[in-house]
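Here is the structure we will look at.
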Amino acid sequence: MTVRVGDAAQAPPFQRAALPLLEDSQLRKNVRHATGVIQRKRALVAGELSDWQQLRAAASAIKQQTLRHLDEYLLRFEAACVAAGGQVHWARDADEANAIVLALIRSQNASEVVKIKTMTSDETGLNRALEAGGVHPYETDLAELIVQMGEDRPSHIVVPALHKNRSQVREIFREKMGLPGLGDRPEDLTAAARSYLREKFLRVPVAVCGANFLLADTGGVCIVESEGNGRMCLTLPKTLIAIAGIEKVIPSFRDLEVFLQLLPRSATGERMNPYNSIWTGVREGDGPHQFHVVLLDNGRSGILADAEARQTLHCIRCGACLNACPVYRQTGGHAYGSTYAGPIGAILTPQLQQMRHSQSLPYASSLCGACYEVCPVKINIPEVLIHLRGRVVEQSGLSAEAIGMKAMAAVFSSARRLEAAQRLAQRGQWPWVTDGWIRSLPGMFAGWTAVRDLRAIPRQSFRQWWRERQHGR
Amino acid sequence: MRITLFITCYNDTLFPETGKAVVRLLERLGHSVDFPLQQTCCGQMHYNTGYQQEALPLLRHFVEVFRDAEVICAPSSSCVAMMRDHYLKMAEASGDKALERDTALLLPRVHELTELLVDRLGLEDVGAYYPHRVTYHASCHSLRSLCLGDKPLRLLRQVRGLELVELSNIDRCCGFGGTFAVKNPDVSAAMLSEKLKDVEDTAAEVCTAVDNSCLMHILGGLHRQRAGVSARHIAEILASTLEEPAL
């Protein structure tokens, strides 16, 4: 089994990837503006519901219950989906999922597919696999279309082209759609996308979608969206292929009562999504003739096995944690090097890859807790980050940092040693101290003094003062 | 009341004036302050950086040293949050039933300074005098772990002479995050830059907080930029009086 999360395995460490992004003033302005707008809208509509906290608790409880019996619910989903006329395929990893989708497309003699936005297919690298297999995928979500045409990567799980502004979008459309006279007003851009996409919707016979929720009791696949492109892909093509992570299953249709209140409010600050579709099997004379669901593991059962990190799988991909995160706010999504950016990406990406790659991501957080505060399914992201840091430390063995940390722990294990260390540091700091301040430090602390001064250690520690005071009494 | 002070390792080493202010403040309010000299560190840095095994002996040490204390006061929101958020889980995971019991008994007696003043001692006016323009930075742990809300602000509003200016984006992290600032210094610097702008926009002379770790970061930036704004722990403001002003 080879788990792949986009190109995360080849991505540079977060701190290195962040550098060029921090210098991109256009990107930083775009990210600040977009996350700020969504954050304010979210706060407003979440604040409208007096039972918001109860909804969060309910969603968390439903997810916990489902994950505890995930095998049962998945089998139940499969049975219900098949009974409704659908077909279910099980994929252990990204390659298997891609191969299943490609084979299904080929069986229809199709060479093109239309796609609804699906992060799961970005995780498996489906587009690349399809192109290699001679099938051209067309992204139909406006932002995904921008990313695809710009040969870019998504930088946000809900708003994948959040890092682009409309002038940049116009440049991409002008070049790739061959529209030299295109204006940069939002209506110019959406009209261009609309006429480009209409033709694809009417012509292309196969659609690929993701899933927001898989309903175990009815076998339905629930998809929410804002642009109507999804509805087009669900209804017009002859074959519909959904690719979904196994954690997307929820026990019943009724549970949507909770999730469809939480998801749109958390994701885009809307009370309800403009388009809410539930696709259940096939029906004569209505919609696709073939309906396939590819259930993807790709490292998820490994996460399920870790009791302390299992809550990672609660995620409903609303992106609220990205918008709330002060780290994401500075760098945008590309620094995370993964399909999944921001706080959720920082815990999901390394875990999917069994902690073999992306080890810098659990450290890409100041643990400020803003993510946990807004998470609609109450994933305690800081707690999971700390847990994963523990796993990274375990793997790293006796690094220089580990030796330093062990030495510090030994110092802190007794007051006598702490006091000796305090005295040593106070006396030993003089080469770096000017007028009571440290302005430049070597080694791993150089980053601190690059933009910050550090007050020198004062001559007398508190405990020395206390002892003197007690003696004086 | 007999109050036992947990000064925290970095206050002890880097910010002794905060500890002195706590002692002065609590004694002025008529309480007796005790400082067990055996105390060291709560283990936050180790725990949050992924060295959970190394943090466990520090939990044991803390429980040992403070076992008999009735009311424990720590002038640091992040250290108190470390204990409240993680100590019980750590003790449970250690499999040591006695430690688990002792930790559970000890935790309700640990208070952050402003919690102690407002909740436990029922005070908002501590008789302080501090004639300066001040802005308050809410540390992430004070906001989201301890849920201090406006308790520190209620204390500051009662300080005579103090002109309190509201800080924009008060719920946004300053970018310190312990070892985060060392491991991701550039992103941390970008976060700090936004915070400094908000602080400077208030035209305050002093930025205060319930946590010297954020203040060390904010002050480090302010000092480097020669911004002419200082940073000072809330204890020092609350300890300041007309007779004995904080300078």
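Labels used: A, B, ... for chains in the order of the structure tokens, numbers from 1 for residues in each chain, and numbers from 1 for ligands as shown.
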
| query | Counting only C-alpha atoms, what is within 10 Å of Lys197 in chain B, bar same-chain residues fewer than 4 positions away, as number ranges by chain? | reply | B: 168, 192-193, 201-202, 222

Please produce a file of the residues just selected, as a JSON list (two decimals), in the first residue's frame, where the atoms kept are N, CA and C atoms.
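Result file out_4.json:
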```
[["chain", "number", "residue", "atom", "x", "y", "z"],
["B", 168, "SER", "N", -6.99, 46.52, 19.04],
["B", 168, "SER", "CA", -7.72, 45.87, 17.94],
["B", 168, "SER", "C", -7.25, 44.42, 17.81],
["B", 192, "LEU", "N", 4.02, 38.76, 14.62],
["B", 192, "LEU", "CA", 4.40, 39.81, 15.56],
["B", 192, "LEU", "C", 4.23, 41.19, 14.92],
["B", 193, "SER", "N", 4.59, 41.27, 13.65],
["B", 193, "SER", "CA", 4.51, 42.56, 12.96],
["B", 193, "SER", "C", 3.08, 43.11, 12.98],
["B", 201, "ASP", "N", -0.87, 51.40, 17.20],
["B", 201, "ASP", "CA", -2.07, 52.18, 16.83],
["B", 201, "ASP", "C", -2.82, 52.71, 18.06],
["B", 202, "THR", "N", -2.63, 52.06, 19.19],
["B", 202, "THR", "CA", -3.35, 52.51, 20.39],
["B", 202, "THR", "C", -2.70, 53.75, 21.00],
["B", 222, "LEU", "N", 9.01, 45.48, 19.99],
["B", 222, "LEU", "CA", 8.89, 46.93, 20.23],
["B", 222, "LEU", "C", 10.26, 47.55, 20.46]]
```

| said: At a cut-off of 8 Å, which residues of chain B touch chain A? Count only C-alpha atoms and give the answer as an MDAnalysis selection string. | reply: chainID B and resid 11:17 19:20 35 37:41 46:52 54:55 57:58 61 140:141 144 172:173 175:178 180:191 216:217 219:224

| message | One number please: CA of Ile146 in chain A to CA of Ala341 in chain A, in Å, one decimal. | response | 18.1 Å

| message | Based on the backbone DSSP call, show me all residues of range 132-249 of chain A assigned alpha helix (DSSP H), as number ranges by chain. | response | A: 132, 142-149, 166-176, 186-203, 229-235

| field | Within 9 Å of Ala84 in chain A using only C-alpha atoms, minus same-chain residues under 6 positions, as a list in words | value |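 Near neighbours after the sequence-gap exclusion: Thr218, Gly219, Gly220, Thr280, Gly281, Val282 and Arg283 of chain A.
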